Structure formats: C-alpha cells, structure tokens
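**Student:** Pasting a structure below so you can have a look.
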Amino acid sequence: MKKIKSLFVFLMMAALSTSLSAQDKLFTLEDLNFGGTNYHNMQPKNMWLTWWGDQLIQTDVEACCTIDAKTGKKATLFTLDEVNEWAKSDDERYVRHLMNATFPYPDKPIVQVGNRHAVILVDFKQKKIVWQDSISGQTANDWNATSRATAYVEDHQLFVVDANGQKHQISTDGSREIVYGQSVHRNEFGIEKGTFWSPDGQRLAFYRMDQSMVADYPQVDIFPREATYEPDKYPMAGMTSHKVTVGIYDLQTDKTVYLQAGDPTDRYFTNISWNPDGKTIYMFELNRAQNDCRLVSYDAATGEKLAELYRETSDKYVEPLHPILFLPWDATKFIMQSQKDGYNHLYLFDAAGKELKQITKGEWVVMEVLGFNKKQKTIIFKANKEHPLHHRLYSVSMKGDIKQLETVDGVHNAILSPSGNFLIDRFSTPTRPRVIDVVDINQKTPRHTNLLDAEDPWTGYQYPIFECGSIKAADGVTDLYYRMVKPADFNPDQKYPTVIYVYGGPHANNVQASWHWASRSWETYMAQKGYIVFILDNRGSQYRGRDFEQATFHQLGQIEMQDQMKGVEYLRTLSYIDMERLGVHGWSFGGFMTISLMTNYPDVFKVGVAGGPVIDWKWYEVMYGERYMGTPETNPEGYAKTSLIDKAKDLKGKLQIITGYNDNTVVPQHCLSFLDACIKAGTQPDFFAYPGEEHNMRGHASVHLHERITQYFEDYLK
C-alpha cells in the first residue's frame, strides 16, 4: 500500500496546485457526460491502430499509415480517396472513412473496408477490388477471412453466403421464439455472439434457442398513436427457461448436424471453440444450478459426442467465461482458464483432457489472454499480479516463467500482433490520461516506442482532488479499496455533504489505477457543486478472486452492505465529512444497494437516488439470478432476506427511483412493486421514468439523467 498512498498524496498536491491556478473554468454535464455536446473535446487524444501482420497501421478518417515500431515514423499507405477510386465506388460501395479498416491477411497487401451495405477487400498494391460480399443491404454478422463466407440472420432465419456469392439458407423455422445465430442465455457465461467459424471457414457452429416456453414480459411502446404491445422473452429465477442446441453447417456438403449433447432442458452451453484441424468442436456444459461444469468434445462431421475432457464442481457455482485455446505450435495441447485454486489462472491440458500443469499461480487474477508469441512459445496475458488496482502485461512460458512486458504502474490494455512479436500497449495512470506504446516483445528487455502521451484535456478547468486508499472489510482481514473525490477548493476545516456512489455487484469494480483512479465524470460534477464523493469496492466485486466474489452467495446485498458500512465508519473518522448530510447513489445492482442501504440504515443516509434497481431477485432473470441466489424454492430464506418489498416501511430519508420505461434487464415490475409497497406502508419515495429507454439512458438522455440525479441531492442534501 505504501506505493499507492504515496502516489495519491502526490496526485492530491498536483490537483490542488492546478485548481489554484485555474479556477475560472467550470465543467458542465455537456462537457463531462458521454451524451454531452462537448464530451468528445474533453477526452484525451487517441489513435486508432491495428496490425497488418507485424506491421503497425494507423487507421484514420482520411488515410491508413504504416508506423515503424522502432522509431514511430509514419508513412502513408493509402488514402480514402484512393480506396474509393480503386473500388469504383457507387452508393453501395462508397467508403466514408478508414477508421475501421482491417488487414485480415498478414502476408497479403489486402485491406478490408466497407459500409453498412458492403464488405470489400482491396489489394492496395494492385489498386483494385479483389473481392466483395454479395449481401447488399444486410449486416454481415460473421465473416470468415479464410473461406470468405459470411453468416448472417435475416427475418429470423440463418443464412450463409459463400465466397462465390451463393446463398445457403440454414434455417426455416426461425421466429421471435426460435432464435438462430445470435447470443443465448442472455449474454451470460462470456457469450457475446451466436456463430462460430472453424479455422478453415468450412464449418459454422451456431446457436439455436427455443424460447417458446418462456413467459413474455409485457413491454409497451408508447410512441405510436395507439401504444403497441412489444413483449420480451424474460425467464425469471425459478421459472421455465429456454432450450439451446448447437448446430454445425458444412459448406462443402451443404448439410447441418446438431451436437448430440442430450436433453437441453435446464442446461447451459457456452465457450464454443474448434480444434485447429476443424474436425472437433468443444463446449463447456453447465447444469442449471451452475455448480457442475464439464468440457465436452464432439465430432464436427456427425455431431457425435467424443469425450468429457474436464469436470469442475463447486458447493457454490462454477462460471466458465473463456473458450479453450490450442497452442499454435502444438495442436495436441490447449490452455484452459479456471479459478479452481481460488484465482483465475492458466492450465495446460493435452487434447485427451489430461491436465499437464498449472502455468500461472498466486493470489492474483489472470484478467485476459491476449494471445501467443509463437517464436518464444509463450502466452501473453493481462493480470493484476503486482497489485489489485494495477492491470499489467506479462508473458509466461510453458514452464511457468513470467516476464513483465512494460514498466509503468497503471491500467494497461493491449492488442497483440498475429505472430505475437509486438503489442500495442494502451494505458493510463492516475495522473496520465492516455499513453500508447508499441512493444517489441522478442527483445531480452522488451523495447517500447512511444506513439502518444496525451495531454490532459481538462487543463484550464477547476480540477477536483482524486484520492485512493484502503480500509478493512467487515471481516477485519480483507483489504477494500476506495476512491474519494473532493472539491478543488477543499478545506479540511469545513464540513461537506457527502455522497457514496455504489455498485457492489459481481463482474464490476469501480476503483482502478487508471486516470483519476477510474473516476466517473459525474463525480467531478458533484465535487464542483461542493460535495465529496466516496466509492468503495466491497466484497462481491470482481478481480479479487473466487472467495472474495463468492462471499455474497445466496445473500446478495448483505455482505456488501456490511462492507459499505465499514466505509461509513471510515468517513465518520474524517472531520470534514458532514455525517448529517450523507447520501447514496447507484444504478442497477447499485440501485439495489442504494435502496438496501436507505432502508436497512435509515438513520444514516439522508438522501438516495436509485437507478434501475433490483427490488426482489425473484423478478430477475434465470442465468444471473440463480447463479448468485439459487431459486426462490431452494433458497427461500435468502430471497426473503434480500427482498426490499418488506423494507418499504423502513424508508425515512428522501429517495428518488429512476428507471428506463422499457428496461429489459431490470424490468419495471421491480420499481413499480416497490412503489406499491411504499403506498401501502405510507412512505413517500419519488419516481421518474424515461419513456422508450432501456436499462441505461442513451445519447443526450444521459445528460438529462445526471442533471436530475444531481438536482435531487442539491434539493435535499445540501
């Protein structure tokens, strides 16, 4: 912690110095909020970069340029005007910018460009089109560079168009209830899409989801002259869920088979991957209770089950999030990620499913596998090995030897070149908004060439003070990290109204060693208004290991509240915190936490704003809800303890509830039921809905939302 504390003290002094010299410019939400009209001008300068083999390319609006990885020197490769001239562009083929240009073949001078009507391959050496898809007017959902075949969905049906433009219809019974080629299980378990090409592009694995048995949630579109019924399939915890199967379409035979995985009832299929030879397909299979996970292989030609390669069970839950990855230099071995030892780490298996060794280990988390370095035979990954708040880049050999690939504390994200010889390292620190380096991994000491060290776009504005530190959790042992944002003219002899911003749920955390300690821009706005904002990552949040996250199992909100109240205890020790003016705000799980804190500790929190709040987990969806809470039938005590319906009578402070009127994640039944309970109990929350909006406010509505949140604290907390 010494390093962290010294850094935030330095940061505090730097921020104070800045604020004293530039107190004339104030932020507006149009500056700070992502929907604001001036938001883009307040963001750090950026570069759009990609790889053409090991050649670094900058993609921009008007041109693509090569960048020398040693010197950073740029040279124009081609321009937008040239591409449109070579493509003989008409309305269908006209390319409007090159920011999304990609280079799918490391050894060929071909760029992939296009627009919403077409995908085009241009040979920039021969200066001509070498291929164009034939799906004019359709969205190319999944294009394979090897076969140049495209899978897409049109009118609920799954199609494949091959490289010659021949259209193959894969499904005929697609509908709102029978869903093909799209993500399933409500995007849980790492699922982000519904089609998966084999390496050679000759076979396509795809999801088929039958949700005809799932109850409709009655969403309504209010904008037509007569409001229309737009139901959403929403399986709630303990209720009937959908059934998923996995098909494989073969381009060469024009036939489809389905994996013989057995009855799909109450099962989850996820993390689909292919053997490099395209003959075997792999899938993690999970029971509905999510405590029994199996890795299974299938024959891609017949769909026949081949073997169960791995099984992991838990008395709580197992959560597969990553497909297996075969070693590019040895197709008989693969890497699997698991947190079975308490932290997410890398394990080496042979193709028969025998575990050969644990490659990484320690009380830290592998956060992302970026790829492989074929020359050194290493895995490149991101982890918080040095400190929970720092996300750093590493390589590890098959023997387990780990080498750090950069030298700066902070939060790093990287894109590896296809060979693994180079990476684009994008990072920020609490005091540096954005830095981009290109790293030569193959040097004994990785060589860094700086491409960008962005200036602070907030220079000249009244700067708040950003601090970071730690306290002990309610267990008295575990370190919890917090961020505190103070007004620019902070005076320790004054007392300040304070707002606790909370999320607290799994798969998210608020405090990181990135720019401003990952502070949300709204916190700056509140500090400018004279508030202190305090943010604490409680147990149950991510990147701290299995036991840290699973401490909340079957009792969501309870451990989290205990830890948040430790944060309140810490605030009580600070003379400048006005404990008579303490507020709380959060969205989604944070909305649930806000109302939980307001009703369980009604004498502590004076004002709260809860956005999109879960009120009772029996109204939340099957996959997420049952993972953490079980079902209402198997865990009645947990559901009763965590429900906020019976807590409506305990509301004392001022509470505003905000929801998207068409929220399909935390459906409006939650907040409306709580309002009903408040009516019956005689308590008086306030309520605001955004018509047509879903779980998060989009576009400029977000500016309106954050002004509304701010004004509520201005009205009742100051």
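In the structure tokens, chains take letters A, B, ... by order of appearance, with residues numbered from 1 within each chain and ligands from 1 in the order shown.
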I'd like the neighbourhood of Val257 of chain A as number ranges by chain, where a residue qualifies if any of its atoms comes within 10 Å (using only C-alpha atoms), though same-chain residues fewer than 4 positions away should be ignored.
**Tutor:** A: 205, 246-250, 300-304
**Student:** For Tyr576 of chain A, please output as a ChimeraX atom specification all residues within 12 Å (counting only C-alpha atoms; exclusion window: fewer than 6 positions along the same chain).
**Tutor:** /A:486-487,490-498,531-532,570
**Student:** In Å to one decimal, how far is atom CA of Glu154 of chain A from atom CA of Gly174 of chain A?
**Tutor:** 9.5 Å
**Student:** Tell me, in Å to one decimal, how far atom CA of Gln512 of chain A is from atom CA of Gln542 of chain A.
**Tutor:**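 Going from atom CA of Gln512 of chain A over to atom CA of Gln542 of chain A, I get 11.4 Å.
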**Student:** With distances taken over only C-alpha atoms, which residue among A:Ser702, A:Ser134, A:Asn442, A:Thr599 lies nearest Gln376 of chain A?
**Tutor:**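 Distance minimum relative to Gln376 of chain A lands on A:Asn442.
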**Student:** Using only C-alpha atoms, can you tell me which of A:Gln669, A:Asn373, A:Asn141, A:Thr245 comes closest to Tyr217 of chain A?
**Tutor:**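 With only C-alpha atoms as the atom set, the closest residue is A:Gln669.
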**Student:** Going by DSSP on the backbone, which bits of segment 276-489 of chain A are strand (DSSP E)? Write them as number ranges by chain, please.
**Tutor:** A: 280-287, 292-299, 305-313, 325-327, 330-338, 345-350, 355-358, 366-373, 378-383, 392-397, 402-404, 411-416, 422-429, 432-440, 447-453, 465-472, 479-486
**Student:** If we count only C-alpha atoms and set the cut-off at 9 Å, which residues sit around Tyr310 of chain A, ignoring sequence neighbours fewer than 6 positions away in its own chain? Please answer as a ChimeraX atom specification.
**Tutor:** /A:293-296,353-355
**Student:** Tell me which protein, DNA and RNA residues are within 8 Å of segment 404-420 of chain A, counting only C-alpha atoms, leaving out same-chain ones fewer than 2 positions away, and put them as a PyMOL selection string.
**Tutor:** chain A and resi 50-54+106+370-375+380+382+389-395+402+422-430+439+441+446+448+512-514
**Student:** If I take atom CA of Ile57 of chain A and atom CA of Asn100 of chain A, how far is one from the other in Å, to one decimal?
**Tutor:**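 Here the two named atoms are 11.5 Å from each other.
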**Student:** Output as a compact mmCIF listing (two decimals) with N, CA and C atoms, in the first residue's frame all residues of segment 420-660 of chain A that backbone DSSP marks as alpha helix (DSSP H).
**Tutor:**
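Ended up saving to part-v9.txt:
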```txt
# COMPACT_ATOMS: atom_id res chain seq x y z
N SER A 521 -17.20 10.71 -14.54
CA SER A 521 -17.21 12.17 -14.73
C SER A 521 -18.25 12.86 -13.85
N TRP A 522 -19.35 12.17 -13.55
CA TRP A 522 -20.38 12.77 -12.69
C TRP A 522 -19.81 13.11 -11.32
N GLU A 523 -18.82 12.36 -10.86
CA GLU A 523 -18.20 12.65 -9.57
C GLU A 523 -17.50 14.01 -9.60
N THR A 524 -16.88 14.31 -10.72
CA THR A 524 -16.26 15.63 -10.88
C THR A 524 -17.31 16.73 -10.82
N TYR A 525 -18.43 16.48 -11.47
CA TYR A 525 -19.53 17.46 -11.47
C TYR A 525 -20.02 17.70 -10.04
N MET A 526 -20.16 16.63 -9.28
CA MET A 526 -20.63 16.77 -7.90
C MET A 526 -19.59 17.48 -7.03
N ALA A 527 -18.32 17.17 -7.23
CA ALA A 527 -17.28 17.85 -6.47
C ALA A 527 -17.30 19.35 -6.76
N GLN A 528 -17.55 19.70 -8.01
CA GLN A 528 -17.64 21.09 -8.40
C GLN A 528 -18.81 21.78 -7.70
N ARG A 546 -11.92 -15.85 -6.30
CA ARG A 546 -13.18 -16.58 -6.14
C ARG A 546 -13.85 -16.32 -4.80
N ASP A 547 -13.13 -16.45 -3.70
CA ASP A 547 -13.75 -16.33 -2.38
C ASP A 547 -14.22 -14.91 -2.10
N PHE A 548 -13.47 -13.93 -2.58
CA PHE A 548 -13.87 -12.53 -2.43
C PHE A 548 -15.21 -12.29 -3.11
N GLU A 549 -15.37 -12.82 -4.33
CA GLU A 549 -16.61 -12.60 -5.07
C GLU A 549 -17.74 -13.48 -4.55
N GLN A 550 -17.43 -14.71 -4.18
CA GLN A 550 -18.49 -15.63 -3.78
C GLN A 550 -18.91 -15.48 -2.32
N GLN A 558 -26.10 -8.40 1.40
CA GLN A 558 -25.89 -8.41 2.85
C GLN A 558 -24.43 -8.17 3.21
N ILE A 559 -23.52 -8.99 2.69
CA ILE A 559 -22.09 -8.76 2.90
C ILE A 559 -21.68 -7.42 2.33
N GLU A 560 -22.27 -7.09 1.17
CA GLU A 560 -21.94 -5.83 0.52
C GLU A 560 -22.28 -4.63 1.41
N MET A 561 -23.46 -4.71 2.06
CA MET A 561 -23.84 -3.62 2.97
C MET A 561 -22.90 -3.54 4.17
N GLN A 562 -22.50 -4.68 4.70
CA GLN A 562 -21.58 -4.67 5.83
C GLN A 562 -20.28 -3.95 5.48
N ASP A 563 -19.77 -4.23 4.27
CA ASP A 563 -18.53 -3.57 3.84
C ASP A 563 -18.75 -2.08 3.58
N GLN A 564 -19.88 -1.74 2.96
CA GLN A 564 -20.15 -0.33 2.70
C GLN A 564 -20.28 0.44 4.02
N MET A 565 -20.83 -0.20 5.02
CA MET A 565 -20.94 0.47 6.33
C MET A 565 -19.58 0.62 6.99
N LYS A 566 -18.62 -0.25 6.66
CA LYS A 566 -17.25 -0.02 7.11
C LYS A 566 -16.70 1.26 6.46
N GLY A 567 -17.13 1.49 5.23
CA GLY A 567 -16.77 2.74 4.58
C GLY A 567 -17.38 3.93 5.31
N VAL A 568 -18.62 3.78 5.75
CA VAL A 568 -19.28 4.84 6.52
C VAL A 568 -18.52 5.09 7.83
N GLU A 569 -18.10 3.99 8.49
CA GLU A 569 -17.32 4.14 9.72
C GLU A 569 -16.04 4.93 9.45
N TYR A 570 -15.41 4.66 8.33
CA TYR A 570 -14.19 5.41 7.99
C TYR A 570 -14.52 6.89 7.78
N LEU A 571 -15.62 7.16 7.09
CA LEU A 571 -16.00 8.55 6.86
C LEU A 571 -16.23 9.28 8.18
N ARG A 572 -16.76 8.58 9.17
CA ARG A 572 -17.01 9.21 10.48
C ARG A 572 -15.72 9.70 11.14
N PHE A 589 -27.42 -3.00 -10.04
CA PHE A 589 -27.07 -3.59 -8.74
C PHE A 589 -26.82 -2.46 -7.73
N GLY A 590 -26.26 -1.36 -8.22
CA GLY A 590 -26.05 -0.21 -7.35
C GLY A 590 -27.35 0.44 -6.90
N GLY A 591 -28.40 0.35 -7.74
CA GLY A 591 -29.72 0.83 -7.32
C GLY A 591 -30.28 -0.05 -6.22
N PHE A 592 -30.10 -1.36 -6.37
CA PHE A 592 -30.48 -2.31 -5.32
C PHE A 592 -29.74 -2.00 -4.02
N MET A 593 -28.43 -1.72 -4.14
CA MET A 593 -27.64 -1.39 -2.95
C MET A 593 -28.09 -0.07 -2.33
N THR A 594 -28.44 0.89 -3.17
CA THR A 594 -28.88 2.20 -2.66
C THR A 594 -30.12 2.05 -1.78
N ILE A 595 -31.14 1.35 -2.29
CA ILE A 595 -32.37 1.19 -1.51
C ILE A 595 -32.12 0.28 -0.31
N SER A 596 -31.25 -0.72 -0.48
CA SER A 596 -30.91 -1.58 0.65
C SER A 596 -30.31 -0.76 1.79
N LEU A 597 -29.37 0.11 1.46
CA LEU A 597 -28.73 0.94 2.48
C LEU A 597 -29.70 1.95 3.08
N MET A 598 -30.54 2.54 2.23
CA MET A 598 -31.50 3.54 2.72
C MET A 598 -32.50 2.93 3.69
N THR A 599 -32.90 1.68 3.46
CA THR A 599 -33.94 1.06 4.29
C THR A 599 -33.38 0.24 5.45
N ASN A 600 -32.18 -0.28 5.33
CA ASN A 600 -31.57 -1.02 6.43
C ASN A 600 -30.86 -0.09 7.41
N VAL A 622 -33.09 -15.76 -15.03
CA VAL A 622 -32.65 -17.07 -14.56
C VAL A 622 -31.13 -17.18 -14.42
N MET A 623 -30.40 -16.87 -15.48
CA MET A 623 -28.97 -17.19 -15.53
C MET A 623 -28.17 -16.46 -14.44
N TYR A 624 -28.32 -15.15 -14.39
CA TYR A 624 -27.61 -14.34 -13.39
C TYR A 624 -28.20 -14.57 -12.00
N GLY A 625 -29.51 -14.47 -11.90
CA GLY A 625 -30.15 -14.55 -10.60
C GLY A 625 -29.90 -15.86 -9.88
N GLU A 626 -30.03 -16.98 -10.60
CA GLU A 626 -29.87 -18.28 -9.95
C GLU A 626 -28.41 -18.60 -9.64
N ARG A 627 -27.48 -18.04 -10.40
CA ARG A 627 -26.06 -18.26 -10.10
C ARG A 627 -25.74 -17.78 -8.69
N TYR A 628 -26.23 -16.61 -8.34
CA TYR A 628 -25.87 -15.99 -7.07
C TYR A 628 -26.88 -16.26 -5.95
N MET A 629 -28.14 -16.54 -6.33
CA MET A 629 -29.18 -16.67 -5.32
C MET A 629 -29.88 -18.02 -5.29
N PRO A 636 -35.39 -20.01 -0.05
CA PRO A 636 -36.44 -19.07 0.36
C PRO A 636 -35.97 -18.05 1.39
N GLU A 637 -35.07 -18.48 2.31
CA GLU A 637 -34.59 -17.55 3.33
C GLU A 637 -33.78 -16.43 2.70
N GLY A 638 -32.93 -16.79 1.71
CA GLY A 638 -32.12 -15.79 1.05
C GLY A 638 -32.95 -14.78 0.28
N TYR A 639 -33.95 -15.27 -0.43
CA TYR A 639 -34.82 -14.37 -1.19
C TYR A 639 -35.61 -13.46 -0.26
N ALA A 640 -36.08 -14.01 0.86
CA ALA A 640 -36.83 -13.19 1.81
C ALA A 640 -35.94 -12.11 2.44
N LYS A 641 -34.70 -12.50 2.77
CA LYS A 641 -33.78 -11.57 3.43
C LYS A 641 -33.35 -10.43 2.52
N THR A 642 -33.21 -10.73 1.24
CA THR A 642 -32.68 -9.72 0.31
C THR A 642 -33.77 -8.89 -0.36
```
**Student:** Taking 6 positions as the minimum chain separation for residues in the same chain, which residues sit within 7 Å of Tyr481 of chain A when counting only C-alpha atoms? Answer as an MDAnalysis selection string.
**Tutor:** chainID A and resid 469:471 511 536:537
**Student:** Closest to Lys74 of chain A among A:Val499, A:Ile191, A:Ile120, A:Thr59, using only C-alpha atoms?
**Tutor:**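 Closest residue, counting only C-alpha atoms: A:Thr59.
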**Student:** Near Gln252 of chain A, within 9 Å and counting only C-alpha atoms, which residues show up once chain neighbours fewer than 2 positions away are dropped, as a list in words?
**Tutor:** Gln202, Arg203, Asp250, Asp254 and Lys255 of chain A
**Student:** Can I get the selected residues back with N, CA and C atoms, as a compact mmCIF listing (two decimals), in the first residue's frame?
**Tutor:**
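Saved as result_14.txt:
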```txt
# COMPACT_ATOMS: atom_id res chain seq x y z
N GLN A 202 -14.86 -23.59 -43.23
CA GLN A 202 -15.70 -24.53 -43.97
C GLN A 202 -16.89 -25.02 -43.15
N ARG A 203 -16.80 -24.86 -41.85
CA ARG A 203 -17.92 -25.27 -41.00
C ARG A 203 -18.31 -24.12 -40.08
N ASP A 250 -22.07 -27.41 -42.73
CA ASP A 250 -20.88 -27.73 -43.52
C ASP A 250 -21.03 -27.14 -44.91
N ASP A 254 -23.17 -28.88 -47.69
CA ASP A 254 -24.43 -28.13 -47.60
C ASP A 254 -25.41 -28.83 -46.66
N LYS A 255 -24.87 -29.45 -45.61
CA LYS A 255 -25.69 -30.18 -44.65
C LYS A 255 -25.46 -29.60 -43.25
```
**Student:** Have a look at A:Tyr716, A:Phe674, A:Phe334, A:Tyr461 and name the one nearest to Lys25 of chain A; count only C-alpha atoms.
**Tutor:**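 Once distances to Lys25 of chain A are computed over only C-alpha atoms, the minimum belongs to A:Tyr461.
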**Student:** Identify which of the residues A:Lys127, A:Ser297, A:Arg96, A:Trp48 lies closest to Leu77 of chain A, counting only C-alpha atoms when measuring atom-to-atom distances.
**Tutor:**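 The answer is A:Lys127, which sits nearest to Leu77 of chain A.
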**Student:** Between A:Leu306, A:Ile222, A:Ile129, A:Ala383, which has the minimum distance to Gln260 of chain A (counting only C-alpha atoms)?
**Tutor:**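 Nearest candidate to Gln260 of chain A out of A:Leu306, A:Ile222, A:Ile129, A:Ala383: A:Leu306.
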